[in-house]
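Undergrad: The structure follows.
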Amino acid sequence: MVDHTTPPPFTPGTPAADALTAQEREARSFGFRAISPAEKAPLVQGVFSSVASRYDIMNDLMSVGIHRLWKADFVSLVAPRAGETILDVAGGTGDIAFRMAAKAPSAKIMVCDLTEAMVRVGRDRGIDTGRLPGWDRAPDMRGGLQWTVGNAELLPLADRSVDAYTIAFGLRNVTHIDKALAEARRVLKPGGRFYCLEFSQVNLPILRELYDRYSFEVLPRIGQVVAGDRDSYQYLVESIRRFPEREALCRRLEAVGFSQAKARPLTGGVAAIHSAWRV
């Protein structure tokens, strides 16, 4: 049986490892590799530039298509409302934004993604389906989508400017997760809502073993065959194992000032929705 135990990014017991906090080790982790924090964003951009045109296929492969049900549940929980301003972070291809726009056509939805190639894919899809960008340039429009390139740790928005913040399958790729959470709180209005959909920790031992085998043995091979890119798929599998446990992320949300943080496991813990309120 293959041992899929997540190795530490630094050798434990060494002075360098002992001097780092958990958050610092997290910032230095690119999957199972140890890197400089300054390298992480460019490396993440490289991964998603490589897979941008095949991103939705990638999600189908990683979740065996179940991500479509997770996203439907996610958007139902967000419950976008008429006239709201919603920020969707790391949502470049627009999958979440399009779903929210369908539920609330008059909502103003901004999609912000670190990777320009992802934004191009989403914006082109929006134009192809008649969802023209530009509500920020035409304030009299009832709603619409806007696309921008930006970092979750330094959002290009004013304080207290959005009603809801969403991020789906993106938080695990951020260099400093706590900075991104603090930025989410900064841009939310009082009473604003935070929602995160992310791969999580599988609860059932039998399912966990099957999931590990599929993730580590099958997915990288599929990535090589389908996309000619084994390394990007390998990183994405490893990044899931580096992501904080559900209760730990709830505590970190509350540490930056959110209230009523909670997690809802999906499909035995393969994924989870985290939610919280900005007061």
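In the structure tokens, the first chain shown is A, the next is B, and so on; residue numbers restart at 1 for each chain, and ligands run from 1 in the order shown.
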Once DSSP has gone over the backbone, tell me which residues of range 50-138 of chain A are in helix (DSSP H, G or I), as number ranges by chain.
TA: A: 50-63, 67-78, 95-103, 116-128
Undergrad: Name all residues at most 6 Å from range 28-37 of chain A (count only C-alpha atoms; drop same-chain ones fewer than 3 positions away) and give them as number ranges by chain.
TA: A: 9, 25, 40, 235, 238-239
Undergrad: Could you write those residues out with all heavy atoms, as a PDB file, in the first residue's frame?
TA:
ATOM      1  N   PRO A   9       7.189  20.341   5.292  1.00  0.00           N
ATOM      2  CA  PRO A   9       7.970  21.091   4.324  1.00  0.00           C
ATOM      3  C   PRO A   9       9.393  21.359   4.784  1.00  0.00           C
ATOM      4  O   PRO A   9      10.230  21.735   3.995  1.00  0.00           O
ATOM      5  CB  PRO A   9       7.177  22.400   4.180  1.00  0.00           C
ATOM      6  CG  PRO A   9       6.419  22.531   5.439  1.00  0.00           C
ATOM      7  CD  PRO A   9       6.124  21.138   5.890  1.00  0.00           C
ATOM      8  N   ARG A  25       5.289  28.264   7.922  1.00  0.00           N
ATOM      9  CA  ARG A  25       5.501  27.015   7.176  1.00  0.00           C
ATOM     10  C   ARG A  25       4.469  26.893   6.056  1.00  0.00           C
ATOM     11  O   ARG A  25       4.779  26.432   4.958  1.00  0.00           O
ATOM     12  CB  ARG A  25       5.421  25.820   8.124  1.00  0.00           C
ATOM     13  CG  ARG A  25       6.629  25.686   9.043  1.00  0.00           C
ATOM     14  CD  ARG A  25       6.677  24.325   9.714  1.00  0.00           C
ATOM     15  NE  ARG A  25       5.566  24.134  10.641  1.00  0.00           N
ATOM     16  CZ  ARG A  25       5.591  24.491  11.916  1.00  0.00           C
ATOM     17  NH1 ARG A  25       6.671  25.077  12.421  1.00  0.00           N
ATOM     18  NH2 ARG A  25       4.558  24.264  12.702  1.00  0.00           N
ATOM     19  N   LYS A  40       5.721  31.875  -4.140  1.00  0.00           N
ATOM     20  CA  LYS A  40       4.477  31.116  -4.209  1.00  0.00           C
ATOM     21  C   LYS A  40       3.487  31.690  -5.218  1.00  0.00           C
ATOM     22  O   LYS A  40       2.949  30.952  -6.054  1.00  0.00           O
ATOM     23  CB  LYS A  40       3.831  31.035  -2.826  1.00  0.00           C
ATOM     24  CG  LYS A  40       2.633  30.071  -2.795  1.00  0.00           C
ATOM     25  CD  LYS A  40       2.277  29.659  -1.396  1.00  0.00           C
ATOM     26  CE  LYS A  40       1.170  28.638  -1.376  1.00  0.00           C
ATOM     27  NZ  LYS A  40       0.875  28.140  -0.015  1.00  0.00           N
ATOM     28  N   TYR A 235       0.714  19.228  -7.985  1.00  0.00           N
ATOM     29  CA  TYR A 235       0.655  20.327  -7.017  1.00  0.00           C
ATOM     30  C   TYR A 235      -0.752  20.464  -6.442  1.00  0.00           C
ATOM     31  O   TYR A 235      -0.936  20.636  -5.232  1.00  0.00           O
ATOM     32  CB  TYR A 235       1.067  21.661  -7.662  1.00  0.00           C
ATOM     33  CG  TYR A 235       0.528  22.829  -6.876  1.00  0.00           C
ATOM     34  CD1 TYR A 235       1.064  23.162  -5.633  1.00  0.00           C
ATOM     35  CD2 TYR A 235      -0.569  23.568  -7.336  1.00  0.00           C
ATOM     36  CE1 TYR A 235       0.535  24.194  -4.879  1.00  0.00           C
ATOM     37  CE2 TYR A 235      -1.098  24.594  -6.585  1.00  0.00           C
ATOM     38  CZ  TYR A 235      -0.547  24.911  -5.363  1.00  0.00           C
ATOM     39  OH  TYR A 235      -1.085  25.924  -4.602  1.00  0.00           O
ATOM     40  N   GLU A 238      -1.460  17.881  -3.879  1.00  0.00           N
ATOM     41  CA  GLU A 238      -0.685  18.119  -2.655  1.00  0.00           C
ATOM     42  C   GLU A 238      -1.204  19.324  -1.883  1.00  0.00           C
ATOM     43  O   GLU A 238      -1.228  19.317  -0.648  1.00  0.00           O
ATOM     44  CB  GLU A 238       0.792  18.313  -3.017  1.00  0.00           C
ATOM     45  CG  GLU A 238       1.445  17.058  -3.562  1.00  0.00           C
ATOM     46  CD  GLU A 238       2.866  17.298  -4.073  1.00  0.00           C
ATOM     47  OE1 GLU A 238       3.334  18.465  -4.046  1.00  0.00           O
ATOM     48  OE2 GLU A 238       3.502  16.316  -4.510  1.00  0.00           O
ATOM     49  N   SER A 239      -1.650  20.364  -2.612  1.00  0.00           N
ATOM     50  CA  SER A 239      -2.130  21.568  -1.928  1.00  0.00           C
ATOM     51  C   SER A 239      -3.368  21.286  -1.092  1.00  0.00           C
ATOM     52  O   SER A 239      -3.592  21.931  -0.062  1.00  0.00           O
ATOM     53  CB  SER A 239      -2.420  22.672  -2.950  1.00  0.00           C
ATOM     54  OG  SER A 239      -3.538  22.351  -3.763  1.00  0.00           O
TER      55      SER A 239
END
Undergrad: Restricting the calculation to only C-alpha atoms, which member of A:Asn173, A:Val75, A:Gly126, A:Ala168 is positioned closest to Glu153 in chain A?
TA: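 Distance minimum relative to Glu153 in chain A lands on A:Asn173.
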Undergrad: For range 57-59 of chain A, work out the shell of residues within 10 Å, counting only C-alpha atoms and skipping chain neighbours fewer than 5 positions away, then give it as a PyMOL selection string.
TA: chain A and resi 51-52+64-68+169+219+222-223+226-227+233+236
Undergrad: So which one's closest to Ala248 in chain A, A:Val47, A:Ala101, A:Ala22, A:Leu266? Using only C-alpha atoms, please.
TA: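 Going through A:Val47, A:Ala101, A:Ala22, A:Leu266 one by one, the smallest distance to Ala248 in chain A is for A:Ala22.
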Undergrad: By how many Å are CA of Leu69 in chain A and CA of Pro265 in chain A apart?
TA: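 Going from CA of Leu69 in chain A over to CA of Pro265 in chain A covers 13.1 Å.
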Undergrad: Could you make a table, as JSON lines, of the residues of range 50-158 of chain A that have an atom within 8 Å of an atom of range 190-214 of chain A, each with its nearest atom pair and distance in Å to one decimal, counting only C-alpha atoms, in chain and number order?
TA:
{"residue": "A:Lys71", "atom": "CA", "partner": "A:Leu197", "partner_atom": "CA", "distance": 7.9}
{"residue": "A:Phe74", "atom": "CA", "partner": "A:Leu197", "partner_atom": "CA", "distance": 7.0}
{"residue": "A:Val78", "atom": "CA", "partner": "A:Tyr195", "partner_atom": "CA", "distance": 7.0}
Undergrad: Residues of the last selection are to be written out with N, CA and C atoms, as a tab-separated table (two decimals), in the first residue's frame.
TA:
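Listed below is the output, part23.tsv:
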chain	number	residue	atom	x	y	z
A	71	LYS	N	-21.01	23.16	-6.03
A	71	LYS	CA	-21.16	24.58	-6.41
A	71	LYS	C	-22.62	25.00	-6.36
A	74	PHE	N	-23.32	25.53	-2.81
A	74	PHE	CA	-22.59	26.73	-2.38
A	74	PHE	C	-23.37	28.00	-2.74
A	78	VAL	N	-25.10	30.92	-0.45
A	78	VAL	CA	-24.81	32.35	-0.60
A	78	VAL	C	-26.10	33.14	-0.79
Undergrad: Just want the 10 Å neighbourhood of Thr129 in chain A, counted on only C-alpha atoms, with same-chain residues fewer than 5 positions away dropped. Output as a PyMOL selection string.
TA: chain A and resi 98+123-124
Undergrad: Please list as a count of residues only every residue within 12 Å of Arg278 in chain A, counting only C-alpha atoms and excluding residues in the same chain fewer than 2 positions away.
TA: 30
Undergrad: Between A:Ala271, A:Thr85, A:Arg242, A:Ser50, which residue has the minimum interatomic distance to Arg230 in chain A, considering only C-alpha atoms?
TA: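 Looking only at the distances to Arg230 in chain A, the closest residue turns out to be A:Ser50.
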Undergrad: Where does DSSP see strand (DSSP E) in range 90-219 of chain A, if you list the residues as number ranges by chain?
TA: A: 108-113, 144-149, 162-168, 188-199
Undergrad: Go through A:Leu87, A:Val111, A:Ile240, A:Leu61 one by one, measure the shortest atom-to-atom distance of each to Trp147 in chain A using only C-alpha atoms, and give the residue with the smallest value.
TA: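 Selected residue with least distance to Trp147 in chain A: A:Val111.
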Undergrad: Counting only C-alpha atoms, which of A:Leu77, A:Leu145, A:Glu84, A:Val89 gets nearest to Ile109 in chain A?
TA: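 Result for the nearest residue to Ile109 in chain A: A:Leu145.
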Undergrad: Rounded to one decimal, what separation in Å do you get between CA of Arg120 in chain A and CA of Arg241 in chain A?
TA: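 Interatomic distance here is 28.8 Å.
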Undergrad: For Arg125 in chain A, list every protein, DNA or RNA residue within 8 Å, evaluated using only C-alpha atoms, and leave out those in the same chain fewer than 3 positions away; present the list as a PyMOL selection string.
TA: chain A and resi 93-94+121-122+128-129
Undergrad: Given the choices A:Ala72, A:Val149, A:Ile167, A:Val44, which gets closest to Ala90 in chain A if the distance is worked out from only C-alpha atoms?
TA: A:Ile167
Undergrad: What does the distance from CA of Lys103 in chain A to CA of Thr148 in chain A come to in Å, to one decimal?
TA: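 Result for CA of Lys103 in chain A versus CA of Thr148 in chain A: 21.8 Å, one decimal.
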